file entry-v1.txt (compact mmCIF, C-alpha atoms)
# COMPACT_ATOMS: atom_id res chain seq x y z
CA MET Y 17 -161.33 83.74 -110.64
CA THR Y 18 -164.55 81.95 -111.64
CA PRO Y 19 -164.80 78.16 -111.95
CA ALA Y 20 -164.97 78.60 -115.72
CA GLY Y 21 -161.76 80.62 -115.58
CA VAL Y 22 -160.03 77.96 -113.48
CA ALA Y 23 -161.15 75.22 -115.89
CA ALA Y 24 -159.92 77.26 -118.85
CA ALA Y 25 -156.56 77.84 -117.16
CA PHE Y 26 -156.22 74.12 -116.47
CA LEU Y 27 -157.00 73.20 -120.07
CA ALA Y 28 -154.60 75.83 -121.37
CA ALA Y 29 -151.81 74.51 -119.15
CA CYS Y 30 -152.42 70.92 -120.26
CA ARG Y 31 -152.50 72.00 -123.90
CA ALA Y 32 -149.29 74.04 -123.60
CA GLU Y 33 -147.48 71.05 -122.09
CA ILE Y 34 -148.66 68.51 -124.67
CA GLU Y 35 -147.84 70.88 -127.56
CA ALA Y 36 -144.23 71.23 -126.37
CA PRO Y 37 -141.50 68.76 -127.40
CA LYS Y 38 -140.41 67.05 -124.20
CA PRO Y 39 -137.65 64.44 -124.52
CA GLY Y 40 -138.93 61.06 -123.38
CA ASN Y 41 -142.51 62.16 -122.80
CA VAL Y 42 -145.61 62.26 -125.00
CA HIS Y 43 -146.22 65.40 -127.09
CA VAL Y 44 -147.79 66.43 -130.40
CA PHE Y 45 -144.52 65.82 -132.28
CA ALA Y 46 -144.27 62.19 -131.17
CA GLY Y 47 -146.27 59.75 -129.10
CA GLY Y 48 -144.75 57.10 -126.91
CA HIS Y 49 -145.33 54.52 -124.21
CA GLU Y 50 -148.48 53.35 -126.07
CA MET Y 51 -150.02 56.82 -125.79
CA GLU Y 52 -150.62 59.75 -128.10
CA ALA Y 53 -151.26 63.44 -127.51
CA ARG Y 54 -155.01 62.95 -127.97
CA HIS Y 55 -155.16 60.73 -124.88
CA PHE Y 56 -153.85 63.60 -122.75
CA LEU Y 57 -156.11 66.20 -124.36
CA ASP Y 58 -159.17 64.00 -123.89
CA ALA Y 59 -158.22 63.39 -120.26
CA ALA Y 60 -157.70 67.10 -119.60
CA GLN Y 61 -161.10 67.94 -121.04
CA ALA Y 62 -162.74 65.32 -118.84
CA ALA Y 63 -160.88 66.38 -115.68
CA ALA Y 64 -161.28 70.16 -115.97
CA PRO Y 65 -164.84 70.51 -114.60
CA PHE Y 66 -163.94 68.57 -111.46
CA ILE Y 67 -160.61 70.34 -110.91
CA ALA Y 68 -162.49 73.67 -111.02
CA ASP Y 69 -165.59 72.74 -108.97
CA PRO Y 70 -165.58 74.84 -105.77
CA ALA Y 71 -168.27 72.62 -104.24
CA LEU Y 72 -165.87 69.69 -104.09
CA THR Y 73 -163.17 68.99 -101.53
CA VAL Y 74 -159.63 68.47 -102.75
CA GLY Y 75 -159.97 64.72 -102.33
CA GLU Y 76 -163.21 64.60 -104.31
CA ARG Y 77 -161.74 66.76 -107.07
CA ILE Y 78 -158.87 64.30 -107.36
CA ARG Y 79 -161.09 61.21 -107.31
CA ARG Y 80 -163.65 62.48 -109.81
CA ALA Y 81 -161.10 64.06 -112.14
CA VAL Y 82 -158.99 60.91 -112.33
CA LEU Y 83 -161.96 58.59 -112.83
CA ALA Y 84 -163.33 60.86 -115.59
CA SER Y 85 -159.89 60.96 -117.21
CA LEU Y 86 -159.54 57.18 -117.14
CA ASP Y 87 -162.96 56.84 -118.73
CA ALA Y 88 -162.12 59.38 -121.45
CA ALA Y 89 -158.58 58.26 -122.29
CA GLY Y 90 -158.74 54.57 -121.42
CA THR Y 91 -155.40 54.78 -119.61
CA ASN Y 92 -153.65 56.72 -116.86
CA THR Y 93 -152.44 59.96 -118.40
CA ASN Y 94 -152.83 62.62 -115.72
CA LEU Y 95 -152.83 61.29 -112.15
CA GLY Y 96 -149.82 63.42 -111.17
CA ILE Y 97 -151.25 66.45 -112.94
CA VAL Y 98 -154.54 66.12 -111.07
CA LEU Y 99 -152.83 65.60 -107.70
CA LEU Y 100 -150.87 68.83 -108.20
CA CYS Y 101 -153.55 70.96 -109.82
CA ALA Y 102 -156.50 70.13 -107.54
CA THR Y 103 -154.84 71.91 -104.62
CA LEU Y 104 -153.85 74.89 -106.79
CA ALA Y 105 -157.45 75.28 -107.94
CA ALA Y 106 -158.65 75.17 -104.34
CA ALA Y 107 -156.02 77.73 -103.39
CA VAL Y 108 -157.05 80.33 -105.96
CA GLU Y 109 -160.61 80.13 -104.65
CA ARG Y 110 -159.49 81.21 -101.20
CA ALA Y 111 -156.79 83.67 -102.24
CA ASP Y 112 -159.15 86.68 -101.93
CA GLY Y 113 -156.82 88.91 -103.91
CA GLY Y 114 -153.79 87.72 -101.96
CA GLY Y 115 -150.94 85.52 -103.07
CA LEU Y 116 -151.58 82.09 -104.54
CA TRP Y 117 -148.79 80.47 -102.54
CA ALA Y 118 -150.01 81.70 -99.16
CA ALA Y 119 -153.46 80.38 -100.00
CA LEU Y 120 -151.94 77.07 -101.12
CA ASP Y 121 -150.20 76.68 -97.77
CA GLY Y 122 -153.60 77.06 -96.13
CA VAL Y 123 -155.15 74.44 -98.40
CA LEU Y 124 -152.38 71.94 -97.71
CA ASP Y 125 -152.61 72.52 -93.94
CA ALA Y 126 -156.38 71.92 -94.04
CA LEU Y 127 -156.29 68.59 -95.90
CA THR Y 128 -158.22 65.86 -94.09
CA VAL Y 129 -158.51 62.09 -93.81
CA ALA Y 130 -161.49 62.34 -96.16
CA ASP Y 131 -159.23 64.00 -98.73
CA ALA Y 132 -156.88 61.04 -98.38
CA VAL Y 133 -159.80 58.66 -99.01
CA GLY Y 134 -160.57 60.38 -102.31
CA ALA Y 135 -156.95 60.60 -103.40
CA PHE Y 136 -156.22 56.99 -102.45
CA ALA Y 137 -159.19 55.84 -104.54
CA ALA Y 138 -157.90 57.81 -107.50
CA ILE Y 139 -154.34 56.50 -107.18
CA ALA Y 140 -155.52 52.91 -106.85
CA ALA Y 141 -157.76 53.28 -109.92
CA ALA Y 142 -154.97 54.85 -112.00
CA ASN Y 143 -152.45 52.24 -110.78
CA PRO Y 144 -149.35 54.22 -111.79
CA GLY Y 145 -146.11 52.47 -112.68
CA GLY Y 146 -143.92 51.58 -109.73
CA LEU Y 147 -146.73 51.99 -107.20
CA GLY Y 148 -145.67 48.99 -105.14
CA LYS Y 149 -147.04 47.89 -101.76
CA LEU Y 150 -146.44 49.79 -98.51
CA ASP Y 151 -146.69 48.75 -94.89
CA HIS Y 152 -148.17 52.12 -93.94
CA ALA Y 153 -150.55 54.44 -95.83
CA ASP Y 154 -150.94 52.02 -98.74
CA VAL Y 155 -153.47 53.42 -101.20
CA ARG Y 156 -155.32 50.08 -101.35
CA GLU Y 157 -156.17 50.33 -97.66
CA PRO Y 158 -158.45 52.85 -95.87
CA PRO Y 159 -156.29 55.76 -94.71
CA GLY Y 160 -156.05 56.70 -91.06
CA ILE Y 161 -154.12 59.91 -91.67
CA THR Y 162 -154.64 63.11 -93.62
CA LEU Y 163 -153.68 63.44 -97.27
CA ARG Y 164 -150.72 65.66 -96.44
CA GLN Y 165 -149.50 63.18 -93.83
CA ALA Y 166 -149.81 60.38 -96.35
CA MET Y 167 -147.86 62.39 -98.90
CA ALA Y 168 -145.14 62.99 -96.32
CA GLN Y 169 -144.62 59.23 -96.09
CA ALA Y 170 -144.10 59.04 -99.86
CA ALA Y 171 -142.09 62.26 -100.24
CA GLY Y 172 -138.74 60.52 -100.25
CA ARG Y 173 -139.54 58.51 -103.37
CA ASP Y 174 -142.02 60.72 -105.21
CA ARG Y 175 -141.54 64.36 -106.19
CA ILE Y 176 -145.28 65.01 -106.45
CA ALA Y 177 -145.81 63.79 -102.90
CA ARG Y 178 -142.89 65.98 -101.88
CA ALA Y 179 -144.71 69.01 -103.27
CA TYR Y 180 -147.46 68.54 -100.69
CA VAL Y 181 -144.88 68.60 -97.91
CA THR Y 182 -142.78 71.52 -99.14
CA GLY Y 183 -145.55 73.85 -100.29
CA TYR Y 184 -144.70 73.17 -103.95
CA ALA Y 185 -141.11 74.33 -103.51
CA ASP Y 186 -139.91 72.74 -106.76
CA ILE Y 187 -142.58 74.53 -108.76
CA ARG Y 188 -142.05 77.85 -107.02
CA ARG Y 189 -138.25 77.84 -107.22
CA ILE Y 190 -137.43 75.84 -110.34
CA GLY Y 191 -140.51 75.83 -112.54
CA VAL Y 192 -141.61 79.43 -112.15
CA SER Y 193 -138.07 80.76 -112.58
CA ALA Y 194 -137.64 78.77 -115.79
CA LEU Y 195 -141.02 79.90 -117.10
CA VAL Y 196 -140.31 83.58 -116.50
CA ALA Y 197 -136.85 83.32 -118.10
CA ALA Y 198 -138.16 81.40 -121.11
CA HIS Y 199 -140.74 84.05 -121.94
CA GLY Y 200 -137.87 86.44 -122.55
CA VAL Y 201 -136.46 84.22 -125.31
CA THR Y 202 -137.60 84.80 -128.89
CA THR Y 203 -138.19 81.33 -130.29
CA ALA Y 204 -141.02 78.88 -130.94
CA PRO Y 205 -144.32 79.27 -129.02
CA TRP Y 206 -143.73 75.91 -127.38
CA TRP Y 207 -140.37 76.89 -125.88
CA PRO Y 208 -141.57 78.12 -122.44
CA ALA Y 209 -143.17 74.76 -121.62
CA THR Y 210 -140.15 72.87 -122.94
CA ALA Y 211 -137.81 75.08 -120.91
CA VAL Y 212 -139.76 74.36 -117.73
CA TYR Y 213 -139.69 70.63 -118.45
CA LEU Y 214 -135.93 70.69 -119.03
CA ALA Y 215 -135.44 72.67 -115.83
CA PHE Y 216 -137.09 69.92 -113.82
CA LEU Y 217 -135.45 67.12 -115.80
CA THR Y 218 -131.98 68.55 -115.19
CA ALA Y 219 -132.53 69.58 -111.55
CA PHE Y 220 -133.11 66.09 -110.15
CA PRO Y 221 -133.61 62.48 -111.28
CA ASP Y 222 -137.20 62.03 -112.43
CA SER Y 223 -139.02 60.15 -109.67
CA HIS Y 224 -141.33 58.29 -112.07
CA ILE Y 225 -138.31 56.79 -113.83
CA GLU Y 226 -136.63 56.09 -110.50
CA ARG Y 227 -139.65 54.23 -109.11
CA LYS Y 228 -140.29 52.19 -112.24
CA TRP Y 229 -136.83 51.63 -113.74
CA GLY Y 230 -134.35 52.51 -110.98
CA MET Y 231 -131.99 55.32 -110.04
CA GLU Y 232 -129.35 54.46 -112.63
CA ALA Y 233 -131.84 54.99 -115.44
CA ALA Y 234 -133.12 58.20 -113.86
CA ARG Y 235 -129.61 59.61 -113.53
CA TRP Y 236 -128.81 58.68 -117.14
CA VAL Y 237 -131.82 60.64 -118.39
CA GLN Y 238 -130.89 63.57 -116.15
CA ALA Y 239 -127.33 63.57 -117.55
CA GLU Y 240 -128.57 63.45 -121.14
CA ALA Y 241 -130.96 66.31 -120.44
CA ARG Y 242 -128.16 68.35 -118.89
CA ARG Y 243 -126.01 67.77 -121.96
CA LEU Y 244 -128.78 68.99 -124.27
CA ALA Y 245 -129.62 71.96 -122.06
CA ALA Y 246 -125.97 73.01 -122.10
CA GLU Y 247 -125.89 72.77 -125.89
CA LEU Y 248 -129.00 74.90 -126.25
CA ALA Y 249 -127.63 77.49 -123.82
CA ALA Y 250 -124.21 77.65 -125.47
CA GLY Y 251 -125.27 79.69 -128.47
CA PRO Y 252 -128.09 80.89 -130.68
CA ALA Y 253 -130.33 78.14 -132.01
CA GLY Y 254 -133.42 78.74 -134.09
CA PRO Y 255 -136.71 76.92 -133.50
CA GLU Y 256 -136.03 74.26 -136.14
CA GLU Y 257 -132.60 73.42 -134.74
CA ARG Y 258 -133.91 73.34 -131.17
CA LEU Y 259 -136.73 71.06 -132.24
CA ALA Y 260 -134.36 68.71 -134.07
CA ARG Y 261 -132.10 68.38 -131.04
CA LEU Y 262 -135.03 67.87 -128.68
CA LEU Y 263 -136.56 65.20 -130.90
CA ALA Y 264 -133.23 63.40 -131.22
CA LEU Y 265 -132.99 63.05 -127.45
CA ASP Y 266 -136.69 62.21 -127.34
CA ALA Y 267 -136.10 59.23 -129.63
CA THR Y 268 -133.06 58.11 -127.62
CA ILE Y 269 -134.90 58.12 -124.30
CA LYS Y 270 -137.97 56.42 -125.74
CA SER Y 271 -135.79 53.73 -127.31
CA GLU Y 272 -134.93 52.77 -123.72
CA ASN Y 273 -138.66 52.78 -122.82
CA LEU Y 274 -138.13 55.48 -120.20
CA ASN Y 275 -140.72 58.15 -119.44
CA PRO Y 276 -139.93 61.26 -117.30
CA GLY Y 277 -143.57 61.58 -116.29
CA THR Y 278 -142.98 63.48 -113.07
CA SER Y 279 -141.15 66.28 -114.87
CA ALA Y 280 -144.08 66.59 -117.27
CA ASP Y 281 -146.61 66.72 -114.40
CA LEU Y 282 -144.63 69.43 -112.65
CA THR Y 283 -144.54 71.37 -115.93
CA VAL Y 284 -148.34 71.42 -116.21
CA ALA Y 285 -148.67 72.52 -112.59
CA THR Y 286 -146.16 75.34 -113.11
CA ILE Y 287 -148.03 76.71 -116.12
CA PHE Y 288 -151.37 76.31 -114.34
CA ALA Y 289 -150.08 78.23 -111.31
CA ALA Y 290 -148.81 80.99 -113.57
CA ARG Y 291 -152.25 81.33 -115.11
CA LEU Y 292 -153.96 81.42 -111.71
CA ASP Y 293 -151.70 83.97 -109.97
CA PRO Y 294 -152.36 87.55 -111.20
CA ILE Y 295 -148.89 88.78 -110.20
CA LEU Y 296 -147.11 85.82 -111.80
CA ARG Y 297 -149.30 86.04 -114.89
CA LYS Y 298 -148.36 89.68 -115.42
CA THR Y 299 -144.68 88.87 -114.92
CA VAL Y 300 -144.79 86.12 -117.55
CA GLU Y 301 -146.80 88.18 -120.02
CA SER Y 302 -144.46 91.17 -119.65
CA GLY Y 303 -141.48 88.89 -120.43
call {"tool": "encode", "arguments": {"input": "entry-v1.txt", "output": "structure tokens"}}
result
Amino acid sequence: MTPAGVAAAFLAACRAEIEAPKPGNVHVFAGGHEMEARHFLDAAQAAAPFIADPALTVGERIRRAVLASLDAAGTNTNLGIVLLCATLAAAVERADGGGLWAALDGVLDALTVADAVGAFAAIAAANPGGLGKLDHADVREPPGITLRQAMAQAAGRDRIARAYVTGYADIRRIGVSALVAAHGVTTAPWWPATAVYLAFLTAFPDSHIERKWGMEAARWVQAEARRLAAELAAGPAGPEERLARLLALDATIKSENLNPGTSADLTVATIFAARLDPILRKTVESG
């Protein structure tokens, strides 16, 4: 896939996610957390050239994409998205007709201390909620370990960091399965992205909520999402009814000032991976 193709796939994934109603998160149907859909679209446009640049290391893709996004949107909208998608873009460049996931394992194994330098600079600049201060591998200090090693130290409290350690297991097992199943459902065009988001939101407490507001809040959102998912699975529901139920929960979660940002980031990465992998792309399209 050409750099232009990778950039287009990234933009399409970001657009699909922001156009889908996602309870608690920002989307075209409702803003929230002092952000609107345009902030995310502007950030995606700014990040895409750096995500797709084969001349850049993973760490430099992350650093440049995040800094460009901050400049374009004026706020942190896509740090987690960039952290997940930079490695996927690097993987498709070395896939050579083989599987995306095997290539991704190679990219993750090859991450360096220099990659950590770039990623740490991006994370510090974005200053995500609940970042905190660490005794080891703090992003405000020069790293002495590789990016994957640094992510391993954060994996217990952050699902995006965990992806680096597990070879994107959540995306491969939860996200992709939900995406394939959703494409077999006749409903609104936004449903596949929403279904992926709900799959993550119901599978585990969102780590962004947990870091910023605590485990009790994260489990409450997970329980509410499970309740809604069960309702939607219980019987036929047209697009308008699905949207109404999703927006009702959206308003409830936002009234508590909670944002399941990690689930949204994992959703973008899932859709991006599906657009990069020829086998997965054919599976989704045939559904």
call {"tool": "residues_around", "arguments": {"input": "entry-v1.txt", "residues": "Y:Leu27", "least_positions_apart": "5", "cutoff": "8 Å", "atoms": "only C-alpha atoms", "output": "count of residues only"}}
result
3
call {"tool": "atom_distance", "arguments": {"input": "entry-v1.txt", "atom1": "atom CA of Y:Gly47", "atom2": "atom CA of Y:Arg242"}}
result
22.5 Å
call {"tool": "atom_distance", "arguments": {"input": "entry-v1.txt", "atom1": "atom CA of Y:Leu57", "atom2": "atom CA of Y:Ala170"}}
result
28.2 Å
call {"tool": "residues_around", "arguments": {"input": "entry-v1.txt", "residues": "Y:Leu265", "least_positions_apart": "2", "cutoff": "10 Å", "atoms": "only C-alpha atoms", "output": "ChimeraX atom specification"}}
result
/Y:38-40,237,240-241,244,260-263,267-271
call {"tool": "closest_atom_pairs", "arguments": {"input": "entry-v1.txt", "of": "stretch 47-136 of chain Y", "to": "stretch 288-292 of chain Y", "cutoff": "10 Å", "atoms": "all atoms listed in the file", "output": "CSV"}}
result
residue,atom,partner,partner_atom,distance
Y:Ile97,CA,Y:Phe288,CA,10.0
Y:Leu100,CA,Y:Phe288,CA,9.7
Y:Cys101,CA,Y:Phe288,CA,7.3
Y:Leu104,CA,Y:Ala289,CA,6.8
Y:Ala105,CA,Y:Leu292,CA,8.0
Y:Ala107,CA,Y:Leu292,CA,9.3
Y:Val108,CA,Y:Leu292,CA,6.6
Y:Glu109,CA,Y:Leu292,CA,9.8
Y:Leu116,CA,Y:Leu292,CA,7.6
Y:Trp117,CA,Y:Ala289,CA,9.1
call {"tool": "axis_aligned_box", "arguments": {"input": "entry-v1.txt", "around": "stretch 81-97 of chain Y", "padding_each_side": "8 Å", "output": "lines of an AutoDock Vina configuration file"}}
result
center_x = -156.6
center_y = 60.5
center_z = -116.7
size_x = 29.5
size_y = 27.9
size_z = 27.1
call {"tool": "closest_residue", "arguments": {"input": "entry-v1.txt", "among": "Y:Gly21, Y:Pro37, Y:Pro159, Y:Gly183", "to": "Y:Val212", "atoms": "only C-alpha atoms"}}
result
Y:Pro37
call {"tool": "atom_distance", "arguments": {"input": "entry-v1.txt", "atom1": "atom CA of Y:Val129", "atom2": "atom CA of Y:Leu163"}}
result
6.1 Å
call {"tool": "closest_residue", "arguments": {"input": "entry-v1.txt", "among": "Y:Met167, Y:Ala179, Y:Ala138, Y:Ala111", "to": "Y:Asn94", "atoms": "only C-alpha atoms"}}
result
Y:Ala138
call {"tool": "closest_residue", "arguments": {"input": "entry-v1.txt", "among": "Y:Ile187, Y:Leu282, Y:Ala215, Y:Leu274", "to": "Y:Val42", "atoms": "only C-alpha atoms"}}
result
Y:Leu274
call {"tool": "closest_residue", "arguments": {"input": "entry-v1.txt", "among": "Y:Tyr180, Y:Tyr213, Y:Trp229, Y:Phe136", "to": "Y:Asn273", "atoms": "all atoms listed in the file"}}
result
Y:Trp229
call {"tool": "build_atoms", "arguments": {"input": "entry-v1.txt", "residues": "stretch 106-117 of chain Y", "atoms": "all heavy atoms", "output": "mmCIF file, in the frame of the given file"}}
result
data_model
loop_
_atom_site.group_PDB
_atom_site.id
_atom_site.type_symbol
_atom_site.label_atom_id
_atom_site.label_comp_id
_atom_site.auth_asym_id
_atom_site.auth_seq_id
_atom_site.Cartn_x
_atom_site.Cartn_y
_atom_site.Cartn_z
ATOM 1 N N ALA Y 106 -158.040 74.840 -105.624
ATOM 2 C CA ALA Y 106 -158.650 75.170 -104.340
ATOM 3 C C ALA Y 106 -158.015 76.408 -103.732
ATOM 4 O O ALA Y 106 -158.687 77.215 -103.076
ATOM 5 C CB ALA Y 106 -158.527 73.985 -103.386
ATOM 6 N N ALA Y 107 -156.723 76.579 -103.961
ATOM 7 C CA ALA Y 107 -156.020 77.730 -103.390
ATOM 8 C C ALA Y 107 -156.472 79.036 -104.010
ATOM 9 O O ALA Y 107 -156.665 80.033 -103.304
ATOM 10 C CB ALA Y 107 -154.512 77.557 -103.582
ATOM 11 N N VAL Y 108 -156.662 79.073 -105.321
ATOM 12 C CA VAL Y 108 -157.050 80.330 -105.960
ATOM 13 C C VAL Y 108 -158.442 80.762 -105.522
ATOM 14 O O VAL Y 108 -158.761 81.956 -105.487
ATOM 15 C CB VAL Y 108 -156.961 80.216 -107.507
ATOM 16 C CG1 VAL Y 108 -158.139 79.464 -108.094
ATOM 17 C CG2 VAL Y 108 -156.843 81.600 -108.134
ATOM 18 N N GLU Y 109 -159.260 79.814 -105.124
ATOM 19 C CA GLU Y 109 -160.610 80.130 -104.650
ATOM 20 C C GLU Y 109 -160.600 80.820 -103.298
ATOM 21 O O GLU Y 109 -161.526 81.559 -102.965
ATOM 22 C CB GLU Y 109 -161.447 78.850 -104.575
ATOM 23 C CG GLU Y 109 -161.737 78.215 -105.926
ATOM 24 C CD GLU Y 109 -162.155 76.774 -105.832
ATOM 25 O OE1 GLU Y 109 -162.350 76.276 -104.691
ATOM 26 O OE2 GLU Y 109 -162.280 76.128 -106.887
ATOM 27 N N ARG Y 110 -159.559 80.601 -102.527
ATOM 28 C CA ARG Y 110 -159.490 81.210 -101.200
ATOM 29 C C ARG Y 110 -158.443 82.302 -101.103
ATOM 30 O O ARG Y 110 -158.182 82.828 -100.022
ATOM 31 C CB ARG Y 110 -159.237 80.140 -100.131
ATOM 32 C CG ARG Y 110 -157.921 79.414 -100.267
ATOM 33 C CD ARG Y 110 -157.811 78.275 -99.269
ATOM 34 N NE ARG Y 110 -157.627 78.743 -97.895
ATOM 35 C CZ ARG Y 110 -157.635 77.963 -96.823
ATOM 36 N NH1 ARG Y 110 -157.868 76.667 -96.961
ATOM 37 N NH2 ARG Y 110 -157.452 78.447 -95.623
ATOM 38 N N ALA Y 111 -157.850 82.669 -102.255
ATOM 39 C CA ALA Y 111 -156.790 83.670 -102.240
ATOM 40 C C ALA Y 111 -157.292 85.061 -101.892
ATOM 41 O O ALA Y 111 -156.568 85.867 -101.306
ATOM 42 C CB ALA Y 111 -156.074 83.702 -103.597
ATOM 43 N N ASP Y 112 -158.547 85.389 -102.270
ATOM 44 C CA ASP Y 112 -159.150 86.680 -101.930
ATOM 45 C C ASP Y 112 -158.250 87.858 -102.292
ATOM 46 O O ASP Y 112 -158.062 88.791 -101.508
ATOM 47 C CB ASP Y 112 -159.498 86.753 -100.428
ATOM 48 C CG ASP Y 112 -160.568 85.742 -100.053
ATOM 49 O OD1 ASP Y 112 -161.445 85.477 -100.897
ATOM 50 O OD2 ASP Y 112 -160.525 85.217 -98.934
ATOM 51 N N GLY Y 113 -157.677 87.814 -103.476
ATOM 52 C CA GLY Y 113 -156.820 88.910 -103.910
ATOM 53 C C GLY Y 113 -155.408 88.825 -103.388
ATOM 54 O O GLY Y 113 -154.546 89.603 -103.777
ATOM 55 N N GLY Y 114 -155.135 87.881 -102.492
ATOM 56 C CA GLY Y 114 -153.790 87.720 -101.960
ATOM 57 C C GLY Y 114 -152.966 86.790 -102.818
ATOM 58 O O GLY Y 114 -153.343 86.414 -103.918
ATOM 59 N N GLY Y 115 -151.835 86.367 -102.306
ATOM 60 C CA GLY Y 115 -150.940 85.520 -103.070
ATOM 61 C C GLY Y 115 -151.431 84.092 -103.169
ATOM 62 O O GLY Y 115 -152.023 83.544 -102.228
ATOM 63 N N LEU Y 116 -151.192 83.484 -104.313
ATOM 64 C CA LEU Y 116 -151.580 82.090 -104.540
ATOM 65 C C LEU Y 116 -150.858 81.159 -103.583
ATOM 66 O O LEU Y 116 -151.449 80.225 -103.038
ATOM 67 C CB LEU Y 116 -151.276 81.705 -105.988
ATOM 68 C CG LEU Y 116 -151.540 80.246 -106.366
ATOM 69 C CD1 LEU Y 116 -153.034 79.940 -106.320
ATOM 70 C CD2 LEU Y 116 -150.967 79.942 -107.749
ATOM 71 N N TRP Y 117 -149.578 81.408 -103.335
ATOM 72 C CA TRP Y 117 -148.790 80.470 -102.540
ATOM 73 C C TRP Y 117 -149.196 80.481 -101.076
ATOM 74 O O TRP Y 117 -149.220 79.423 -100.432
ATOM 75 C CB TRP Y 117 -147.301 80.775 -102.689
ATOM 76 C CG TRP Y 117 -146.844 80.744 -104.113
ATOM 77 C CD1 TRP Y 117 -146.245 81.747 -104.808
ATOM 78 C CD2 TRP Y 117 -146.965 79.651 -105.038
ATOM 79 N NE1 TRP Y 117 -145.991 81.351 -106.097
ATOM 80 C CE2 TRP Y 117 -146.414 80.067 -106.270
ATOM 81 C CE3 TRP Y 117 -147.487 78.357 -104.940
ATOM 82 C CZ2 TRP Y 117 -146.366 79.247 -107.393
ATOM 83 C CZ3 TRP Y 117 -147.441 77.533 -106.062
ATOM 84 C CH2 TRP Y 117 -146.891 77.982 -107.268
#
